[in-house]
>>> print(open('target_8.txt').read())   # compact mmCIF, C-alpha atoms
# COMPACT_ATOMS: atom_id res chain seq x y z
CA MET Y 49 108.78 89.43 118.92
CA ALA Y 50 106.65 91.20 116.30
CA ARG Y 51 103.70 91.49 118.66
CA GLU Y 52 105.90 92.84 121.43
CA ALA Y 53 107.44 95.39 119.06
CA ALA Y 54 104.00 96.49 117.83
CA GLU Y 55 102.71 96.90 121.36
CA ALA Y 56 105.79 98.86 122.46
CA ALA Y 57 105.44 101.16 119.47
CA GLY Y 58 101.72 101.44 120.13
CA ASP Y 59 102.32 102.58 123.70
CA VAL Y 60 104.43 105.46 122.39
CA ILE Y 61 101.81 106.36 119.77
CA ALA Y 62 99.06 106.32 122.40
CA ARG Y 63 101.04 108.78 124.56
CA TYR Y 64 101.54 111.11 121.60
CA ALA Y 65 97.82 110.86 120.79
CA THR Y 66 96.99 112.62 124.07
CA SER Y 67 99.81 115.16 124.01
CA ASP Y 68 101.53 115.94 120.70
CA ARG Y 69 100.07 115.34 117.23
CA GLU Y 70 102.15 118.02 115.50
CA SER Y 71 102.90 117.05 111.90
CA TRP Y 72 104.85 118.14 108.85
CA ASP Y 73 104.86 117.00 105.22
CA LYS Y 74 107.64 114.69 104.07
CA ALA Y 75 106.07 114.75 100.58
CA GLU Y 76 102.93 116.10 98.99
CA ASP Y 77 99.87 114.83 100.88
CA SER Y 78 102.13 112.61 103.00
CA PRO Y 79 102.31 113.88 106.59
CA VAL Y 80 104.60 112.53 109.29
CA THR Y 81 104.70 113.02 113.06
CA LYS Y 82 107.06 112.42 115.95
CA ALA Y 83 104.90 109.39 116.76
CA ASP Y 84 105.66 107.86 113.33
CA LEU Y 85 109.40 108.31 113.78
CA ASP Y 86 109.64 107.15 117.40
CA ALA Y 87 107.46 104.11 116.72
CA ASN Y 88 109.62 103.25 113.71
CA ARG Y 89 112.80 103.47 115.78
CA ILE Y 90 111.40 101.17 118.46
CA ILE Y 91 110.31 98.54 115.93
CA CYS Y 92 113.48 98.63 113.86
CA ASP Y 93 115.73 98.50 116.92
CA ARG Y 94 113.96 95.38 118.18
CA ILE Y 95 114.06 93.65 114.82
CA GLN Y 96 117.73 94.42 114.28
CA ALA Y 97 118.60 93.17 117.76
CA ALA Y 98 116.68 89.92 117.33
CA PHE Y 99 117.39 89.27 113.63
CA PRO Y 100 120.51 91.18 112.59
CA SER Y 101 120.69 89.44 109.20
CA ASP Y 102 117.14 90.37 108.17
CA ALA Y 103 116.37 93.33 105.91
CA ILE Y 104 113.83 96.04 106.66
CA LEU Y 105 111.45 97.92 104.38
CA SER Y 106 109.68 100.66 106.33
CA GLU Y 107 107.70 103.70 105.33
CA GLU Y 108 109.82 105.83 107.66
CA THR Y 109 113.28 104.47 106.80
CA ALA Y 110 115.35 105.25 103.71
CA ASP Y 111 115.02 102.36 101.27
CA SER Y 112 118.01 100.26 100.29
CA ALA Y 113 118.34 98.07 97.22
CA ASP Y 114 120.16 95.53 99.41
CA ARG Y 115 116.77 94.29 100.62
CA LEU Y 116 115.99 92.92 97.16
CA SER Y 117 118.50 90.10 97.61
CA ALA Y 118 117.44 89.32 101.19
CA GLU Y 119 115.53 86.12 101.91
CA ARG Y 120 113.71 87.65 104.90
CA VAL Y 121 112.40 91.21 104.88
CA TRP Y 122 110.39 92.95 107.59
CA ILE Y 123 107.80 95.26 106.03
CA ILE Y 124 106.67 97.95 108.44
CA ASP Y 125 104.30 100.85 108.71
CA PRO Y 126 104.89 102.17 112.23
CA LEU Y 127 101.80 104.37 112.11
CA ASP Y 128 99.36 103.47 109.36
CA GLY Y 129 96.66 106.13 109.24
CA THR Y 130 98.80 109.17 110.09
CA LYS Y 131 96.12 111.54 108.78
CA GLU Y 132 93.57 110.01 111.16
CA PHE Y 133 96.05 110.21 114.02
CA ILE Y 134 96.61 113.92 113.35
CA GLU Y 135 92.85 114.57 113.17
CA GLY Y 136 92.19 112.66 116.40
CA VAL Y 137 90.23 109.95 114.59
CA PRO Y 138 90.97 106.58 116.31
CA GLN Y 139 91.45 104.68 113.05
CA PHE Y 140 95.22 104.18 112.97
CA ALA Y 141 97.41 101.17 113.63
CA VAL Y 142 100.90 99.70 113.77
CA SER Y 143 101.55 97.19 110.98
CA ILE Y 144 104.46 94.73 111.01
CA ALA Y 145 104.94 91.90 108.53
CA LEU Y 146 107.68 89.46 107.67
CA ALA Y 147 108.04 88.31 104.06
CA GLN Y 148 110.18 85.29 103.28
CA ARG Y 149 111.19 84.97 99.62
CA GLY Y 150 108.34 87.37 98.87
CA ASP Y 151 105.65 85.43 100.73
CA PRO Y 152 104.14 86.98 103.90
CA VAL Y 153 104.70 84.61 106.84
CA VAL Y 154 104.02 86.88 109.85
CA GLY Y 155 101.53 89.70 110.21
CA VAL Y 156 100.65 91.95 113.15
CA VAL Y 157 98.21 94.85 113.19
CA TYR Y 158 97.92 96.66 116.52
CA GLN Y 159 95.52 99.47 117.41
CA PRO Y 160 97.20 101.59 120.11
CA LEU Y 161 94.05 103.04 121.69
CA SER Y 162 91.85 99.93 121.86
CA ARG Y 163 94.97 97.76 122.41
CA GLU Y 164 93.53 95.16 120.04
CA CYS Y 165 96.24 93.00 118.53
CA PHE Y 166 95.44 91.12 115.33
CA TRP Y 167 98.19 88.66 114.46
CA GLY Y 168 98.88 85.60 112.37
CA THR Y 169 101.58 83.28 111.09
CA GLN Y 170 101.72 81.28 107.88
CA GLY Y 171 99.91 78.02 108.53
CA GLY Y 172 99.07 79.06 112.10
CA GLY Y 173 95.83 80.93 111.52
CA ALA Y 174 94.76 84.48 112.31
CA HIS Y 175 94.03 85.71 115.81
CA LEU Y 176 92.68 88.62 117.80
CA GLY Y 177 94.50 88.36 121.08
CA THR Y 178 94.05 84.75 122.16
CA GLN Y 179 91.05 84.04 119.92
CA HIS Y 180 91.14 82.56 116.42
CA VAL Y 181 89.30 84.69 113.86
CA ARG Y 182 87.75 83.87 110.49
CA ILE Y 183 86.54 85.91 107.57
CA SER Y 184 82.84 86.48 106.91
CA PRO Y 185 80.75 83.69 105.38
CA ALA Y 186 79.06 86.20 103.04
CA ALA Y 187 78.90 85.03 99.43
CA ARG Y 188 76.92 87.74 97.56
CA LEU Y 189 78.14 91.23 96.74
CA GLU Y 190 74.72 92.76 97.36
CA ASP Y 191 74.80 91.50 100.97
CA CYS Y 192 78.28 92.88 101.72
CA VAL Y 193 79.49 95.45 104.17
CA VAL Y 194 82.59 96.83 102.44
CA LEU Y 195 85.42 98.76 104.06
CA SER Y 196 87.28 101.36 102.06
CA SER Y 197 89.26 104.55 102.39
CA ARG Y 198 87.91 107.77 103.84
CA THR Y 199 90.01 109.67 101.30
CA GLU Y 200 88.91 107.57 98.33
CA MET Y 201 85.27 108.04 99.27
CA LYS Y 202 85.72 111.81 99.62
CA ARG Y 203 87.33 111.88 96.17
CA GLY Y 204 84.42 109.97 94.64
CA GLN Y 205 86.69 107.11 93.57
CA LEU Y 206 84.14 104.50 94.68
CA GLU Y 207 81.12 105.99 92.95
CA ARG Y 208 81.51 103.48 90.10
CA TYR Y 209 80.42 100.81 92.59
CA ASP Y 210 77.20 102.52 93.69
CA GLY Y 211 74.47 99.93 94.20
CA TRP Y 212 76.83 96.94 94.21
CA PHE Y 213 76.93 96.45 97.99
CA ARG Y 214 74.71 96.75 101.03
CA GLU Y 215 77.04 99.34 102.53
CA ILE Y 216 80.46 100.93 102.03
CA SER Y 217 81.97 102.08 105.31
CA PRO Y 218 84.97 104.47 105.46
CA ILE Y 219 87.88 103.66 107.79
CA GLY Y 220 91.32 105.27 107.88
CA SER Y 221 94.15 102.78 108.27
CA VAL Y 222 94.50 100.28 105.44
CA ALA Y 223 96.03 97.71 107.78
CA LEU Y 224 93.15 98.11 110.22
CA LYS Y 225 90.58 97.62 107.45
CA LEU Y 226 92.27 94.37 106.41
CA ALA Y 227 92.44 93.19 110.02
CA PHE Y 228 88.72 93.89 110.45
CA VAL Y 229 87.93 91.89 107.31
CA ALA Y 230 90.09 89.02 108.58
CA ALA Y 231 88.17 89.09 111.87
CA GLY Y 232 84.79 89.03 110.12
CA ARG Y 233 83.82 92.53 111.23
CA ALA Y 234 83.14 93.38 107.59
CA ASP Y 235 82.82 91.28 104.45
CA LEU Y 236 85.13 92.85 101.89
CA TRP Y 237 87.85 95.47 101.46
CA ILE Y 238 88.36 97.34 98.21
CA SER Y 239 90.81 100.06 97.20
CA ALA Y 240 90.68 102.26 94.12
CA ALA Y 241 93.99 104.02 94.86
CA PRO Y 242 97.60 102.77 94.95
CA LYS Y 243 98.89 101.29 98.19
CA SER Y 244 102.41 100.54 99.35
CA GLU Y 245 103.68 97.17 100.49
CA TRP Y 246 103.93 98.41 104.07
CA ASP Y 247 100.24 99.37 104.01
CA VAL Y 248 98.99 95.91 103.13
CA CYS Y 249 101.52 93.12 103.76
CA GLY Y 250 100.56 92.45 107.38
CA GLY Y 251 96.86 92.62 106.62
CA ASP Y 252 97.30 90.38 103.57
CA LEU Y 253 98.75 87.66 105.82
CA LEU Y 254 95.87 88.03 108.27
CA VAL Y 255 93.26 87.72 105.52
CA ARG Y 256 94.95 84.66 104.04
CA GLU Y 257 95.21 82.94 107.41
CA ALA Y 258 91.59 83.78 108.23
CA GLY Y 259 90.50 81.87 105.13
CA GLY Y 260 90.31 84.65 102.58
CA THR Y 261 92.28 86.09 99.70
CA PHE Y 262 93.95 89.39 98.80
CA VAL Y 263 94.46 90.37 95.17
CA THR Y 264 95.13 93.22 92.83
CA LEU Y 265 92.63 92.85 90.02
CA GLY Y 266 95.35 93.30 87.42
CA GLU Y 267 98.04 91.03 88.81
CA GLY Y 268 96.43 88.67 91.31
CA THR Y 269 98.28 87.63 94.47
CA ARG Y 270 101.13 89.92 95.52
CA THR Y 271 104.73 88.80 95.87
CA TYR Y 272 106.36 91.21 98.32
CA ASN Y 273 109.75 92.90 98.57
CA GLN Y 274 109.61 94.15 95.01
CA ARG Y 275 111.69 97.05 93.70
CA GLU Y 276 108.49 99.03 93.04
CA VAL Y 277 106.68 98.99 96.38
CA LEU Y 278 103.40 100.45 95.09
CA LEU Y 279 100.51 98.12 94.31
CA ASP Y 280 98.31 99.34 91.49
CA PRO Y 281 94.54 99.49 92.01
CA VAL Y 282 92.02 98.06 92.06
CA MET Y 283 92.58 95.76 95.07
CA ALA Y 284 90.22 93.54 97.00
CA ALA Y 285 90.40 91.26 100.03
CA GLY Y 286 87.89 88.97 101.68
CA PRO Y 287 86.22 85.60 101.09
CA ALA Y 288 87.35 84.08 97.80
CA PRO Y 289 83.80 83.91 96.31
CA LEU Y 290 83.23 87.61 97.02
CA VAL Y 291 86.60 88.65 95.64
CA ALA Y 292 85.99 86.55 92.52
CA ALA Y 293 82.51 88.06 92.05
CA PHE Y 294 83.88 91.58 92.49
CA ARG Y 295 86.71 90.89 90.07
CA GLU Y 296 84.33 89.48 87.43
CA ARG Y 297 81.89 92.37 87.70
CA SER Y 298 84.68 94.94 87.64
CA ALA Y 299 85.91 93.53 84.35
CA SER Y 300 82.80 94.95 82.69
CA LEU Y 301 83.46 98.53 83.80
>>> encode(input="target_8.txt", output="structure tokens")
Amino acid sequence: MAREAAEAAGDVIARYATSDRESWDKAEDSPVTKADLDANRIICDRIQAAFPSDAILSEETADSADRLSAERVWIIDPLDGTKEFIEGVPQFAVSIALAQRGDPVVGVVYQPLSRECFWGTQGGGAHLGTQHVRISPAARLEDCVVLSSRTEMKRGQLERYDGWFREISPIGSVALKLAFVAAGRADLWISAAPKSEWDVCGGDLLVREAGGTFVTLGEGTRTYNQREVLLDPVMAAGPAPLVAAFRERSASL
């Protein structure tokens, strides 16, 4: 169901991408578009029809404290990478996750233009379409291709890591970066700015099921569906040896 919902939402986003990318600010530096809202409606309607007892936490839906007592919570970003979508940069994605008692058990990241669907289930592995995917075998920071935020790089928030890696590559959507790491297209993801649960929950599941780990350096593994949905930086995801090496070196900063 989650894959079908992501693809249906993605079809709507893809149509908007060629016709109407008008946006407005719902908060400072937080744009929204018709594509965000329509994709959100499609996903939420499908979830509520299939699982009426489940709670929903979505970037584009008013939050409710009732979710905190729910055993199953769908955590959704209907259009992760709205800024890229508005700019016509094809680095946005639909992200849908299911957390059960705080643990991610389903994750889907769907890119509407390429139609690539990254998905995974707890204990069932991570996939790209019909193919199993695995994280990179890289074990040394200096050999790594790292994915991080276009905005964070523009702000100079990653300059502290100059010389640590072979390359830092900017990509828009957080969920898409995590999906690429899960699929071995890059070695490591790092973030030096806060992220919301809906940004990372689906990608966290994919990384875990691809054989890697996702942590905040301060708190370790995330338990989802918390009252405070923001995760504090710094965060990292990828092969456990790389994440551990990054965490150890960061402690000296």
>>> closest_residue(input="target_8.txt", among="Y:Pro126, Y:Gly136, Y:Gly155, Y:Pro185", to="Gly172 of chain Y", atoms="all atoms listed in the file")
Y:Gly155
>>> closest_residue(input="target_8.txt", among="Y:Asp102, Y:Asp235, Y:Glu52, Y:Asp114", to="Arg275 of chain Y", atoms="all atoms listed in the file")
Y:Asp114
>>> residues_around(input="target_8.txt", residues="segment 243-249 of chain Y", least_positions_apart="4", cutoff="8 Å", atoms="only C-alpha atoms", output="list in words")
Leu105, Ser106, Glu107, Ile123, Ile124, Asp125, Asp128, Ser143, Ile144, Ala145, Pro152, Gly155, Val222, Ala223, Leu226, Leu253, Tyr272, Asn273, Val277, Leu278, Leu279, Asp280 and Pro281 of chain Y
>>> closest_residue(input="target_8.txt", among="Y:Val142, Y:Leu189, Y:Ala113, Y:Ala118", to="Glu296 of chain Y", atoms="all atoms listed in the file")
Y:Leu189
>>> closest_residue(input="target_8.txt", among="Y:Ala187, Y:Lys225, Y:Glu55, Y:Phe294", to="Arg163 of chain Y", atoms="all atoms listed in the file")
Y:Glu55
>>> atom_distance(input="target_8.txt", atom1="atom CA of Gly129 of chain Y", atom2="atom CA of Leu116 of chain Y")
26.3 Å
>>> residues_around(input="target_8.txt", residues="Thr169 of chain Y", least_positions_apart="2", cutoff="12 Å", atoms="only C-alpha atoms", output="VMD selection string")
chain Y and resid 50 to 51 144 to 148 151 to 156 166 to 167 171 to 175 180 250 to 258
>>> atom_distance(input="target_8.txt", atom1="atom CA of Ile238 of chain Y", atom2="atom CA of Glu207 of chain Y")
12.4 Å
